[in-house]
Amino acid sequence: MRKFSLMSGAVSSLQNGILESDDIYRNGLPASKFSLRDETASSTAADANGDQHTRLVQQLLMQHRLQQASSQSNQQSDDHKTTTTTTTTTSVGSEELSAAFAESRHVDPFAIVQRDLSSISHSIRQVIGSDHPVLETIAKYFFDTQGKRFRPTLVLLCSRAASLTPVESTGEPTLPMAVRESDGSSLLETQQRLSEITELIHTASLLHDDVIDDAETRRGVKSINAVFGNKLAILGGDFLLARASVSLARLRSLEVVEIMSIVIENLVKGEVMQLKPSSSATLFDNVDTYLSKSYYKTASLMANSCRSAAILGGHDALAAEICYEYGKYIGLAFQIVDDLLDFEGSSDSLGKPSLNDISHGIATLPVLLASEQYPELLDMMERKFKGSTDVETAIWYVQRSNAIERARTLATACAENAVAAAQQLPDSDYKHAMITLVERVINRSH
């Protein structure tokens, strides 16, 4: 397979003078691919809290600028043409990305870990068992509605793919190593528990999000707050976080407890950022804020869960960093595509109302990118689209601009980086499944 590295083409473009900013790349050269360091548990946790995040935002913004500069002439000629929202997603991406997808497509990422996934629902029901019937009913109502189990799948794939890499003699786990499968992979009980914890944290965040957004549906059924009320929905989310914390402590890994605890902090940071309007005078600042919020709300949980899976497996720093990079970039791609689908999808296909974000005053990436062509959007963003015709006008601007195409290009850049990370792992069906999962993220329709 032909491999490609993170941010391919950026150095040559810099040398051609497209960009002059030293804040993004020191001395005109990119940072090392994964910026590996000799990290302690505390420095790893600090990294999870945003040190590497600053670098990833800068890298993605640079790549976005490069792509914008390379197609500037085309954009100028298309400024006043209507852009439809039916962009073909099967053709996006570089030649290398398409080749990687083609080589890995034979592996179904959900099917390959189906046996591991099948026990998650049962285990979660045991974890959320409560002597308070109302809390138990609320929690089980949500889990009875089967979601995609996307985040547990990430953890399981990274666990099995990384199990083919060296194990440090001083590393974890403290529990006995699971029996290896015929393909050489293995899964620890602690890693299985981590996949459940990840789903509990994610579900708790959804319960809280639905209250903030006053949502009426989730996964195609009535939301918890619509059925039980806001107070019980909030308490239900708190209950799930409490159960997740107990399960996390039982992993007996201080480093993983620290990393995953910071993830919960990041979720709150992201939600607070979303409540504040982003209407800076520059597109760079607006997209920077958007990517920061997307990391905290979405990518942090995926990235640090994948990193924790490698740590629990006792693998070296490189394997843990690779898993982190993979989760980070697939998480950012996931969020960008989610925001695209808010404009492109229907309520039936999404399982929640379409145009939900802009209706609640939230400016997502398509709106931010459209504001470069239509600065009138900045005032609408400042007042959170509360004007009588703001929502309809903003949608019209987005559809008339090339914002959808540009946002999808940025999602593809994230996909390239996720695949580049996965390609560093030993060859296996689990690695191919990780790559296929990236393809499904950027091509998904719901």
# chains A, B, ... in the order shown; residues from 1 in each chain; ligands from 1

call {"tool": "closest_atom_pairs", "arguments": {"of": "stretch 360-425 of chain A", "to": "stretch 331-347 of chain A", "cutoff": "12 Å", "atoms": "only C-alpha atoms", "output": "Markdown table"}}
result
| residue | atom | partner | partner_atom | distance |
| --- | --- | --- | --- | --- |
| A:Ile362 | CA | A:Asp339 | CA | 10.5 |
| A:Ala363 | CA | A:Asp339 | CA | 9.6 |
| A:Thr364 | CA | A:Asp339 | CA | 6.3 |
| A:Leu365 | CA | A:Asp339 | CA | 7.0 |
| A:Pro366 | CA | A:Leu340 | CA | 6.9 |
| A:Val367 | CA | A:Asp339 | CA | 9.8 |
| A:Leu368 | CA | A:Asp339 | CA | 11.4 |
| A:Leu369 | CA | A:Leu340 | CA | 11.8 |
| A:Val391 | CA | A:Phe343 | CA | 11.8 |
| A:Glu392 | CA | A:Phe343 | CA | 11.8 |
| A:Ala394 | CA | A:Phe343 | CA | 11.1 |
| A:Ile395 | CA | A:Phe343 | CA | 8.0 |
| A:Trp396 | CA | A:Phe343 | CA | 10.7 |
| A:Tyr397 | CA | A:Phe343 | CA | 11.9 |
| A:Val398 | CA | A:Phe343 | CA | 8.9 |
| A:Gln399 | CA | A:Phe343 | CA | 8.7 |
| A:Ala403 | CA | A:Leu340 | CA | 9.6 |
| A:Ile404 | CA | A:Leu340 | CA | 6.8 |
| A:Glu405 | CA | A:Leu340 | CA | 9.5 |
| A:Arg406 | CA | A:Leu340 | CA | 10.5 |
| A:Ala407 | CA | A:Ile336 | CA | 7.1 |
| A:Arg408 | CA | A:Val337 | CA | 7.1 |
| A:Thr409 | CA | A:Ile336 | CA | 10.0 |
| A:Leu410 | CA | A:Ala333 | CA | 7.9 |
| A:Ala411 | CA | A:Ala333 | CA | 4.7 |
| A:Thr412 | CA | A:Ala333 | CA | 7.2 |
| A:Ala413 | CA | A:Ala333 | CA | 8.2 |
| A:Cys414 | CA | A:Ala333 | CA | 5.4 |
| A:Ala415 | CA | A:Ala333 | CA | 6.2 |
| A:Glu416 | CA | A:Ala333 | CA | 9.7 |
| A:Asn417 | CA | A:Ala333 | CA | 9.8 |
| A:Ala418 | CA | A:Ala333 | CA | 8.9 |
| A:Val419 | CA | A:Ala333 | CA | 11.5 |

call {"tool": "select_by_dssp", "arguments": {"residues": "stretch 202-336 of chain A", "states": "strand (DSSP E or B)", "output": "PyMOL selection string"}}
result
chain A and resi 217-218+221-222+315

call {"tool": "write_last_selection", "arguments": {"atoms": "N, CA, C and O atoms", "output": "compact mmCIF listing (two decimals), in the first residue's frame"}}
result
# COMPACT_ATOMS: atom_id res chain seq x y z
N THR A 217 -36.59 14.85 19.81
CA THR A 217 -36.32 13.49 19.34
C THR A 217 -34.83 13.20 19.43
O THR A 217 -34.00 14.10 19.39
N ARG A 218 -34.52 11.92 19.54
CA ARG A 218 -33.14 11.44 19.53
C ARG A 218 -33.18 10.00 19.05
O ARG A 218 -33.91 9.19 19.55
N VAL A 221 -36.68 8.51 18.14
CA VAL A 221 -37.74 8.39 19.13
C VAL A 221 -37.74 9.64 19.99
O VAL A 221 -36.86 10.49 19.89
N LYS A 222 -38.74 9.77 20.85
CA LYS A 222 -38.80 10.93 21.73
C LYS A 222 -37.59 10.96 22.65
O LYS A 222 -37.16 9.94 23.17
N HIS A 315 0.95 -1.12 25.76
CA HIS A 315 1.73 -0.89 24.56
C HIS A 315 2.59 0.35 24.69
O HIS A 315 2.38 1.20 25.56

call {"tool": "closest_residue", "arguments": {"among": "A:Ile358, A:Val134, A:Ala102, A:Leu378", "to": "A:Gly236", "atoms": "only C-alpha atoms"}}
result
A:Val134

call {"tool": "closest_residue", "arguments": {"among": "A:Ser205, A:Thr393, A:Asn356, A:Ser163", "to": "A:Leu188", "atoms": "only C-alpha atoms"}}
result
A:Ser163

call {"tool": "closest_residue", "arguments": {"among": "A:Ala161, A:Ala111, A:Ile197, A:Val287", "to": "A:Met302", "atoms": "only C-alpha atoms"}}
result
A:Ile197

call {"tool": "atom_distance", "arguments": {"atom1": "atom CA of A:Tyr326", "atom2": "atom CA of A:Ile212"}}
result
29.7 Å

call {"tool": "closest_residue", "arguments": {"among": "A:Asn225, A:Ser300, A:Ser359, A:Asn230", "to": "A:Val263", "atoms": "only C-alpha atoms"}}
result
A:Ser300

call {"tool": "atom_distance", "arguments": {"atom1": "atom CA of A:Asp238", "atom2": "atom CA of A:Leu207"}}
result
9.1 Å

call {"tool": "residues_around", "arguments": {"residues": "stretch 239-255 of chain A", "least_positions_apart": "2", "cutoff": "7 Å", "atoms": "only C-alpha atoms", "output": "list of chain:residue names"}}
result
A:Ala41, A:Val127, A:Ile128, A:Thr190, A:Ile197, A:Leu200, A:Ile201, A:Ala204, A:Leu235, A:Gly236, A:Gly237, A:Val257, A:Glu258, A:Ile259

call {"tool": "write_last_selection", "arguments": {"atoms": "C-alpha atoms", "output": "short mmCIF file (atom, residue, chain, number, x, y, z; two decimals), in the first residue's frame"}}
result
data_model
loop_
_atom_site.label_atom_id
_atom_site.label_comp_id
_atom_site.auth_asym_id
_atom_site.auth_seq_id
_atom_site.Cartn_x
_atom_site.Cartn_y
_atom_site.Cartn_z
CA ALA A 41 0.91 10.25 33.27
CA VAL A 127 -23.55 -1.16 35.25
CA ILE A 128 -26.53 1.22 35.35
CA THR A 190 -10.22 -3.68 30.97
CA ILE A 197 -17.37 3.54 29.82
CA LEU A 200 -21.79 5.80 29.08
CA ILE A 201 -19.95 9.14 28.92
CA ALA A 204 -24.68 11.19 29.37
CA LEU A 235 -30.20 13.79 36.71
CA GLY A 236 -30.17 10.79 34.37
CA GLY A 237 -27.09 12.17 32.62
CA VAL A 257 -8.51 7.62 35.01
CA GLU A 258 -6.76 10.97 34.65
CA ILE A 259 -7.07 11.02 30.85
#

call {"tool": "atom_distance", "arguments": {"atom1": "atom CA of A:Tyr290", "atom2": "atom CA of A:Ile322"}}
result
24.0 Å

call {"tool": "residues_around", "arguments": {"residues": "A:Ala226", "least_positions_apart": "6", "cutoff": "10 Å", "atoms": "only C-alpha atoms", "output": "JSON, numbers by chain"}}
result
{"A": [210, 211, 214, 215, 216, 217, 218, 233]}

call {"tool": "residues_around", "arguments": {"residues": "A:Ser308", "least_positions_apart": "3", "cutoff": "9 Å", "atoms": "only C-alpha atoms", "output": "PDB file with all heavy atoms, in the first residue's frame"}}
result
ATOM      1  N   VAL A 155     -12.932   1.960  20.168  1.00  0.00           N
ATOM      2  CA  VAL A 155     -12.087   1.442  21.252  1.00  0.00           C
ATOM      3  C   VAL A 155     -11.705  -0.008  20.980  1.00  0.00           C
ATOM      4  O   VAL A 155     -10.544  -0.408  21.150  1.00  0.00           O
ATOM      5  CB  VAL A 155     -12.811   1.574  22.604  1.00  0.00           C
ATOM      6  CG1 VAL A 155     -12.010   0.889  23.715  1.00  0.00           C
ATOM      7  CG2 VAL A 155     -13.031   3.041  22.950  1.00  0.00           C
ATOM      8  N   GLN A 191     -10.083  -3.345  28.574  1.00  0.00           N
ATOM      9  CA  GLN A 191     -10.384  -2.644  27.325  1.00  0.00           C
ATOM     10  C   GLN A 191     -11.861  -2.776  26.962  1.00  0.00           C
ATOM     11  O   GLN A 191     -12.467  -1.833  26.449  1.00  0.00           O
ATOM     12  CB  GLN A 191      -9.496  -3.181  26.205  1.00  0.00           C
ATOM     13  CG  GLN A 191      -8.019  -2.842  26.396  1.00  0.00           C
ATOM     14  CD  GLN A 191      -7.121  -3.602  25.438  1.00  0.00           C
ATOM     15  OE1 GLN A 191      -7.354  -4.777  25.139  1.00  0.00           O
ATOM     16  NE2 GLN A 191      -6.070  -2.949  24.955  1.00  0.00           N
ATOM     17  N   LEU A 194     -13.561  -0.365  29.096  1.00  0.00           N
ATOM     18  CA  LEU A 194     -13.349   0.989  28.595  1.00  0.00           C
ATOM     19  C   LEU A 194     -14.327   1.324  27.479  1.00  0.00           C
ATOM     20  O   LEU A 194     -14.842   2.452  27.403  1.00  0.00           O
ATOM     21  CB  LEU A 194     -11.906   1.144  28.097  1.00  0.00           C
ATOM     22  CG  LEU A 194     -11.550   2.492  27.472  1.00  0.00           C
ATOM     23  CD1 LEU A 194     -11.631   3.615  28.500  1.00  0.00           C
ATOM     24  CD2 LEU A 194     -10.152   2.444  26.849  1.00  0.00           C
ATOM     25  N   GLU A 255      -3.334   6.526  35.183  1.00  0.00           N
ATOM     26  CA  GLU A 255      -3.141   7.310  33.965  1.00  0.00           C
ATOM     27  C   GLU A 255      -4.430   7.378  33.150  1.00  0.00           C
ATOM     28  O   GLU A 255      -4.820   8.448  32.672  1.00  0.00           O
ATOM     29  CB  GLU A 255      -2.008   6.714  33.132  1.00  0.00           C
ATOM     30  CG  GLU A 255      -1.675   7.531  31.899  1.00  0.00           C
ATOM     31  CD  GLU A 255      -0.483   6.984  31.138  1.00  0.00           C
ATOM     32  OE1 GLU A 255       0.006   5.884  31.485  1.00  0.00           O
ATOM     33  OE2 GLU A 255      -0.041   7.644  30.179  1.00  0.00           O
ATOM     34  N   VAL A 256      -5.093   6.260  32.977  1.00  0.00           N
ATOM     35  CA  VAL A 256      -6.335   6.231  32.201  1.00  0.00           C
ATOM     36  C   VAL A 256      -7.442   7.000  32.931  1.00  0.00           C
ATOM     37  O   VAL A 256      -8.223   7.723  32.294  1.00  0.00           O
ATOM     38  CB  VAL A 256      -6.756   4.775  31.921  1.00  0.00           C
ATOM     39  CG1 VAL A 256      -8.165   4.732  31.335  1.00  0.00           C
ATOM     40  CG2 VAL A 256      -5.772   4.121  30.959  1.00  0.00           C
ATOM     41  N   VAL A 257      -7.513   6.863  34.242  1.00  0.00           N
ATOM     42  CA  VAL A 257      -8.510   7.620  35.009  1.00  0.00           C
ATOM     43  C   VAL A 257      -8.311   9.114  34.799  1.00  0.00           C
ATOM     44  O   VAL A 257      -9.266   9.875  34.590  1.00  0.00           O
ATOM     45  CB  VAL A 257      -8.424   7.267  36.507  1.00  0.00           C
ATOM     46  CG1 VAL A 257      -9.261   8.246  37.335  1.00  0.00           C
ATOM     47  CG2 VAL A 257      -8.903   5.846  36.761  1.00  0.00           C
ATOM     48  N   ILE A 259      -6.771  10.656  32.241  1.00  0.00           N
ATOM     49  CA  ILE A 259      -7.073  11.023  30.851  1.00  0.00           C
ATOM     50  C   ILE A 259      -8.579  11.108  30.619  1.00  0.00           C
ATOM     51  O   ILE A 259      -9.089  12.089  30.070  1.00  0.00           O
ATOM     52  CB  ILE A 259      -6.441  10.007  29.885  1.00  0.00           C
ATOM     53  CG1 ILE A 259      -4.920  10.156  29.870  1.00  0.00           C
ATOM     54  CG2 ILE A 259      -6.992  10.198  28.467  1.00  0.00           C
ATOM     55  CD1 ILE A 259      -4.220   9.055  29.103  1.00  0.00           C
ATOM     56  N   MET A 260      -9.311  10.096  31.054  1.00  0.00           N
ATOM     57  CA  MET A 260     -10.749  10.056  30.792  1.00  0.00           C
ATOM     58  C   MET A 260     -11.514  11.076  31.634  1.00  0.00           C
ATOM     59  O   MET A 260     -12.581  11.552  31.232  1.00  0.00           O
ATOM     60  CB  MET A 260     -11.275   8.647  31.037  1.00  0.00           C
ATOM     61  CG  MET A 260     -10.702   7.593  30.083  1.00  0.00           C
ATOM     62  SD  MET A 260     -10.992   7.956  28.333  1.00  0.00           S
ATOM     63  CE  MET A 260     -12.788   7.795  28.254  1.00  0.00           C
ATOM     64  N   ALA A 303     -10.522  10.415  20.809  1.00  0.00           N
ATOM     65  CA  ALA A 303      -9.062  10.372  20.804  1.00  0.00           C
ATOM     66  C   ALA A 303      -8.512   9.763  22.079  1.00  0.00           C
ATOM     67  O   ALA A 303      -7.648   8.882  22.054  1.00  0.00           O
ATOM     68  CB  ALA A 303      -8.504  11.779  20.606  1.00  0.00           C
ATOM     69  N   ASN A 304      -8.997  10.217  23.200  1.00  0.00           N
ATOM     70  CA  ASN A 304      -8.452   9.767  24.477  1.00  0.00           C
ATOM     71  C   ASN A 304      -8.950   8.386  24.883  1.00  0.00           C
ATOM     72  O   ASN A 304      -8.269   7.686  25.634  1.00  0.00           O
ATOM     73  CB  ASN A 304      -8.746  10.814  25.540  1.00  0.00           C
ATOM     74  CG  ASN A 304      -7.916  12.073  25.336  1.00  0.00           C
ATOM     75  OD1 ASN A 304      -6.697  12.049  25.437  1.00  0.00           O
ATOM     76  ND2 ASN A 304      -8.570  13.172  25.007  1.00  0.00           N
ATOM     77  N   SER A 305     -10.100   7.978  24.375  1.00  0.00           N
ATOM     78  CA  SER A 305     -10.534   6.593  24.585  1.00  0.00           C
ATOM     79  C   SER A 305      -9.624   5.642  23.814  1.00  0.00           C
ATOM     80  O   SER A 305      -9.238   4.586  24.325  1.00  0.00           O
ATOM     81  CB  SER A 305     -11.985   6.414  24.133  1.00  0.00           C
ATOM     82  OG  SER A 305     -12.862   7.178  24.934  1.00  0.00           O
ATOM     83  N   ILE A 311      -2.980   2.175  26.201  1.00  0.00           N
ATOM     84  CA  ILE A 311      -2.310   2.200  27.497  1.00  0.00           C
ATOM     85  C   ILE A 311      -2.702   0.987  28.334  1.00  0.00           C
ATOM     86  O   ILE A 311      -1.855   0.333  28.963  1.00  0.00           O
ATOM     87  CB  ILE A 311      -2.637   3.508  28.242  1.00  0.00           C
ATOM     88  CG1 ILE A 311      -2.001   4.694  27.517  1.00  0.00           C
ATOM     89  CG2 ILE A 311      -2.168   3.450  29.691  1.00  0.00           C
ATOM     90  CD1 ILE A 311      -2.443   6.044  28.039  1.00  0.00           C
ATOM     91  N   LEU A 312      -3.982   0.664  28.338  1.00  0.00           N
ATOM     92  CA  LEU A 312      -4.441  -0.503  29.098  1.00  0.00           C
ATOM     93  C   LEU A 312      -3.826  -1.791  28.555  1.00  0.00           C
ATOM     94  O   LEU A 312      -3.614  -2.750  29.307  1.00  0.00           O
ATOM     95  CB  LEU A 312      -5.964  -0.594  29.050  1.00  0.00           C
ATOM     96  CG  LEU A 312      -6.734   0.455  29.865  1.00  0.00           C
ATOM     97  CD1 LEU A 312      -8.232   0.365  29.587  1.00  0.00           C
ATOM     98  CD2 LEU A 312      -6.462   0.294  31.353  1.00  0.00           C
ATOM     99  N   GLY A 313      -3.533  -1.817  27.270  1.00  0.00           N
ATOM    100  CA  GLY A 313      -2.908  -2.985  26.679  1.00  0.00           C
ATOM    101  C   GLY A 313      -1.418  -3.077  26.948  1.00  0.00           C
ATOM    102  O   GLY A 313      -0.772  -4.047  26.550  1.00  0.00           O
ATOM    103  N   ALA A 320       0.276   4.189  21.548  1.00  0.00           N
ATOM    104  CA  ALA A 320      -0.715   5.027  22.222  1.00  0.00           C
ATOM    105  C   ALA A 320      -0.927   6.332  21.481  1.00  0.00           C
ATOM    106  O   ALA A 320      -2.058   6.811  21.328  1.00  0.00           O
ATOM    107  CB  ALA A 320      -0.282   5.295  23.661  1.00  0.00           C
ATOM    108  N   CYS A 323      -2.905   5.751  18.200  1.00  0.00           N
ATOM    109  CA  CYS A 323      -4.334   5.586  18.484  1.00  0.00           C
ATOM    110  C   CYS A 323      -4.983   6.922  18.820  1.00  0.00           C
ATOM    111  O   CYS A 323      -6.121   7.197  18.417  1.00  0.00           O
ATOM    112  CB  CYS A 323      -4.532   4.582  19.624  1.00  0.00           C
ATOM    113  SG  CYS A 323      -4.132   2.874  19.177  1.00  0.00           S
ATOM    114  N   TYR A 324      -4.251   7.753  19.552  1.00  0.00           N
ATOM    115  CA  TYR A 324      -4.765   9.086  19.877  1.00  0.00           C
ATOM    116  C   TYR A 324      -4.975   9.914  18.611  1.00  0.00           C
ATOM    117  O   TYR A 324      -6.028  10.536  18.424  1.00  0.00           O
ATOM    118  CB  TYR A 324      -3.801   9.802  20.815  1.00  0.00           C
ATOM    119  CG  TYR A 324      -4.169  11.242  21.091  1.00  0.00           C
ATOM    120  CD1 TYR A 324      -5.118  11.567  22.052  1.00  0.00           C
ATOM    121  CD2 TYR A 324      -3.586  12.285  20.373  1.00  0.00           C
ATOM    122  CE1 TYR A 324      -5.467  12.894  22.299  1.00  0.00           C
ATOM    123  CE2 TYR A 324      -3.923  13.610  20.611  1.00  0.00           C
ATOM    124  CZ  TYR A 324      -4.858  13.900  21.577  1.00  0.00           C
ATOM    125  OH  TYR A 324      -5.213  15.208  21.809  1.00  0.00           O
TER     126      TYR A 324
END

call {"tool": "closest_residue", "arguments": {"among": "A:Thr436, A:Ser292, A:Ser159, A:Ser118", "to": "A:Arg105", "atoms": "only C-alpha atoms"}}
result
A:Thr436

call {"tool": "residues_around", "arguments": {"residues": "A:Tyr296", "least_positions_apart": "4", "cutoff": "9 Å", "atoms": "only C-alpha atoms", "output": "mmCIF file with all heavy atoms, in the first residue's frame"}}
result
data_model
loop_
_atom_site.group_PDB
_atom_site.id
_atom_site.type_symbol
_atom_site.label_atom_id
_atom_site.label_comp_id
_atom_site.auth_asym_id
_atom_site.auth_seq_id
_atom_site.Cartn_x
_atom_site.Cartn_y
_atom_site.Cartn_z
ATOM 1 N N ASN A 49 -5.640 17.680 27.650
ATOM 2 C CA ASN A 49 -6.355 18.899 27.999
ATOM 3 C C ASN A 49 -6.138 20.006 26.997
ATOM 4 O O ASN A 49 -6.638 21.096 27.157
ATOM 5 C CB ASN A 49 -5.892 19.369 29.383
ATOM 6 C CG ASN A 49 -6.854 20.339 30.009
ATOM 7 O OD1 ASN A 49 -8.035 20.310 29.713
ATOM 8 N ND2 ASN A 49 -6.344 21.195 30.881
ATOM 9 N N GLY A 50 -5.323 19.774 25.964
ATOM 10 C CA GLY A 50 -5.281 20.757 24.896
ATOM 11 C C GLY A 50 -3.935 21.092 24.311
ATOM 12 O O GLY A 50 -3.865 21.855 23.359
ATOM 13 N N VAL A 263 -11.470 14.202 29.765
ATOM 14 C CA VAL A 263 -12.437 14.153 28.674
ATOM 15 C C VAL A 263 -13.772 14.739 29.113
ATOM 16 O O VAL A 263 -14.417 15.506 28.372
ATOM 17 C CB VAL A 263 -12.631 12.701 28.180
ATOM 18 C CG1 VAL A 263 -13.857 12.603 27.275
ATOM 19 C CG2 VAL A 263 -11.391 12.224 27.429
ATOM 20 N N GLU A 265 -14.241 16.911 31.457
ATOM 21 C CA GLU A 265 -14.033 18.357 31.539
ATOM 22 C C GLU A 265 -14.119 18.985 30.148
ATOM 23 O O GLU A 265 -14.722 20.053 29.964
ATOM 24 C CB GLU A 265 -12.673 18.648 32.170
ATOM 25 C CG GLU A 265 -12.306 20.121 32.213
ATOM 26 C CD GLU A 265 -10.874 20.352 32.646
ATOM 27 O OE1 GLU A 265 -10.279 19.444 33.251
ATOM 28 O OE2 GLU A 265 -10.351 21.450 32.368
ATOM 29 N N ASN A 266 -13.524 18.334 29.159
ATOM 30 C CA ASN A 266 -13.550 18.858 27.794
ATOM 31 C C ASN A 266 -14.966 18.966 27.250
ATOM 32 O O ASN A 266 -15.298 19.914 26.527
ATOM 33 C CB ASN A 266 -12.713 17.960 26.881
ATOM 34 C CG ASN A 266 -11.223 18.123 27.104
ATOM 35 O OD1 ASN A 266 -10.774 19.062 27.748
ATOM 36 N ND2 ASN A 266 -10.438 17.198 26.586
ATOM 37 N N LEU A 267 -15.815 17.977 27.573
ATOM 38 C CA LEU A 267 -17.205 18.019 27.116
ATOM 39 C C LEU A 267 -17.913 19.273 27.618
ATOM 40 O O LEU A 267 -18.671 19.916 26.884
ATOM 41 C CB LEU A 267 -17.941 16.764 27.591
ATOM 42 C CG LEU A 267 -17.588 15.452 26.896
ATOM 43 C CD1 LEU A 267 -18.191 14.265 27.642
ATOM 44 C CD2 LEU A 267 -18.058 15.458 25.458
ATOM 45 N N VAL A 268 -17.643 19.616 28.867
ATOM 46 C CA VAL A 268 -18.270 20.821 29.436
ATOM 47 C C VAL A 268 -17.711 22.070 28.760
ATOM 48 O O VAL A 268 -18.459 22.989 28.409
ATOM 49 C CB VAL A 268 -18.039 20.876 30.957
ATOM 50 C CG1 VAL A 268 -18.636 22.151 31.544
ATOM 51 C CG2 VAL A 268 -18.654 19.654 31.638
ATOM 52 N N LYS A 269 -16.389 22.111 28.552
ATOM 53 C CA LYS A 269 -15.782 23.249 27.871
ATOM 54 C C LYS A 269 -16.397 23.456 26.488
ATOM 55 O O LYS A 269 -16.715 24.579 26.087
ATOM 56 C CB LYS A 269 -14.279 23.022 27.712
ATOM 57 C CG LYS A 269 -13.453 23.263 28.958
ATOM 58 C CD LYS A 269 -11.968 23.100 28.624
ATOM 59 C CE LYS A 269 -11.078 23.371 29.809
ATOM 60 N NZ LYS A 269 -9.645 23.186 29.479
ATOM 61 N N GLY A 270 -16.552 22.357 25.762
ATOM 62 C CA GLY A 270 -17.107 22.450 24.422
ATOM 63 C C GLY A 270 -18.526 22.969 24.418
ATOM 64 O O GLY A 270 -18.914 23.773 23.557
ATOM 65 N N GLU A 271 -19.318 22.517 25.388
ATOM 66 C CA GLU A 271 -20.712 22.964 25.454
ATOM 67 C C GLU A 271 -20.793 24.448 25.786
ATOM 68 O O GLU A 271 -21.615 25.185 25.229
ATOM 69 C CB GLU A 271 -21.467 22.142 26.513
ATOM 70 C CG GLU A 271 -22.971 22.208 26.384
ATOM 71 C CD GLU A 271 -23.473 21.695 25.044
ATOM 72 O OE1 GLU A 271 -23.131 20.565 24.667
ATOM 73 O OE2 GLU A 271 -24.210 22.447 24.360
ATOM 74 N N LEU A 291 -13.108 24.580 15.509
ATOM 75 C CA LEU A 291 -12.339 23.351 15.656
ATOM 76 C C LEU A 291 -12.038 23.057 17.121
ATOM 77 O O LEU A 291 -12.021 21.900 17.544
ATOM 78 C CB LEU A 291 -11.050 23.433 14.846
ATOM 79 C CG LEU A 291 -11.212 23.358 13.325
ATOM 80 C CD1 LEU A 291 -9.881 23.623 12.629
ATOM 81 C CD2 LEU A 291 -11.768 22.008 12.897
ATOM 82 N N SER A 292 -11.797 24.102 17.894
ATOM 83 C CA SER A 292 -11.577 23.909 19.329
ATOM 84 C C SER A 292 -12.822 23.303 19.975
ATOM 85 O O SER A 292 -12.735 22.335 20.733
ATOM 86 C CB SER A 292 -11.238 25.243 20.003
ATOM 87 O OG SER A 292 -10.048 25.788 19.492
ATOM 88 N N SER A 300 -12.328 14.747 21.493
ATOM 89 C CA SER A 300 -11.566 14.425 22.702
ATOM 90 C C SER A 300 -11.945 13.062 23.258
ATOM 91 O O SER A 300 -11.068 12.269 23.632
ATOM 92 C CB SER A 300 -11.784 15.505 23.770
ATOM 93 O OG SER A 300 -11.142 15.151 24.975
ATOM 94 N N LEU A 301 -13.230 12.762 23.334
ATOM 95 C CA LEU A 301 -13.671 11.466 23.848
ATOM 96 C C LEU A 301 -13.144 10.330 22.979
ATOM 97 O O LEU A 301 -12.654 9.315 23.488
ATOM 98 C CB LEU A 301 -15.202 11.422 23.920
ATOM 99 C CG LEU A 301 -15.821 10.092 24.364
ATOM 100 C CD1 LEU A 301 -15.326 9.680 25.744
ATOM 101 C CD2 LEU A 301 -17.346 10.165 24.327
#

call {"tool": "residues_around", "arguments": {"residues": "A:Leu164", "least_positions_apart": "4", "cutoff": "8 Å", "atoms": "only C-alpha atoms", "output": "ChimeraX atom specification"}}
result
/A:160,184-185,426

call {"tool": "write_last_selection", "arguments": {"atoms": "C-alpha atoms", "output": "mmCIF file, in the first residue's frame"}}
result
data_model
loop_
_atom_site.group_PDB
_atom_site.id
_atom_site.type_symbol
_atom_site.label_atom_id
_atom_site.label_comp_id
_atom_site.auth_asym_id
_atom_site.auth_seq_id
_atom_site.Cartn_x
_atom_site.Cartn_y
_atom_site.Cartn_z
ATOM 1 C CA ARG A 160 -7.215 -5.315 18.822
ATOM 2 C CA GLY A 184 -2.912 -12.879 16.779
ATOM 3 C CA SER A 185 -5.065 -10.122 18.271
ATOM 4 C CA PRO A 426 0.926 -3.515 11.918
#

call {"tool": "closest_residue", "arguments": {"among": "A:Arg125, A:Lys328, A:Lys293, A:Lys384", "to": "A:Arg307", "atoms": "only C-alpha atoms"}}
result
A:Lys328

call {"tool": "decode", "arguments": {"residues": "stretch 420-441 of chain A", "atoms": "C-alpha atoms", "output": "PDB file, in the first residue's frame"}}
result
ATOM      1  CA  ALA A 420      -2.173   8.161   7.975  1.00  0.00           C
ATOM      2  CA  ALA A 421      -2.188   7.371  11.698  1.00  0.00           C
ATOM      3  CA  ALA A 422      -3.850   3.967  11.245  1.00  0.00           C
ATOM      4  CA  GLN A 423      -1.340   3.026   8.564  1.00  0.00           C
ATOM      5  CA  GLN A 424       1.436   3.133  11.152  1.00  0.00           C
ATOM      6  CA  LEU A 425      -0.029   0.068  12.893  1.00  0.00           C
ATOM      7  CA  PRO A 426       0.926  -3.515  11.918  1.00  0.00           C
ATOM      8  CA  ASP A 427      -1.023  -4.841   8.974  1.00  0.00           C
ATOM      9  CA  SER A 428      -4.194  -6.648  10.051  1.00  0.00           C
ATOM     10  CA  ASP A 429      -7.907  -6.779   9.351  1.00  0.00           C
ATOM     11  CA  TYR A 430      -8.421  -4.544  12.370  1.00  0.00           C
ATOM     12  CA  LYS A 431      -6.213  -1.857  10.859  1.00  0.00           C
ATOM     13  CA  HIS A 432      -8.169  -2.139   7.600  1.00  0.00           C
ATOM     14  CA  ALA A 433     -11.389  -1.880   9.610  1.00  0.00           C
ATOM     15  CA  MET A 434     -10.125   1.352  11.175  1.00  0.00           C
ATOM     16  CA  ILE A 435      -9.499   2.768   7.700  1.00  0.00           C
ATOM     17  CA  THR A 436     -12.905   1.623   6.428  1.00  0.00           C
ATOM     18  CA  LEU A 437     -14.530   3.293   9.423  1.00  0.00           C
ATOM     19  CA  VAL A 438     -12.972   6.588   8.338  1.00  0.00           C
ATOM     20  CA  GLU A 439     -14.493   6.159   4.879  1.00  0.00           C
ATOM     21  CA  ARG A 440     -17.907   5.505   6.381  1.00  0.00           C
ATOM     22  CA  VAL A 441     -17.624   8.626   8.519  1.00  0.00           C
TER      23      VAL A 441
END
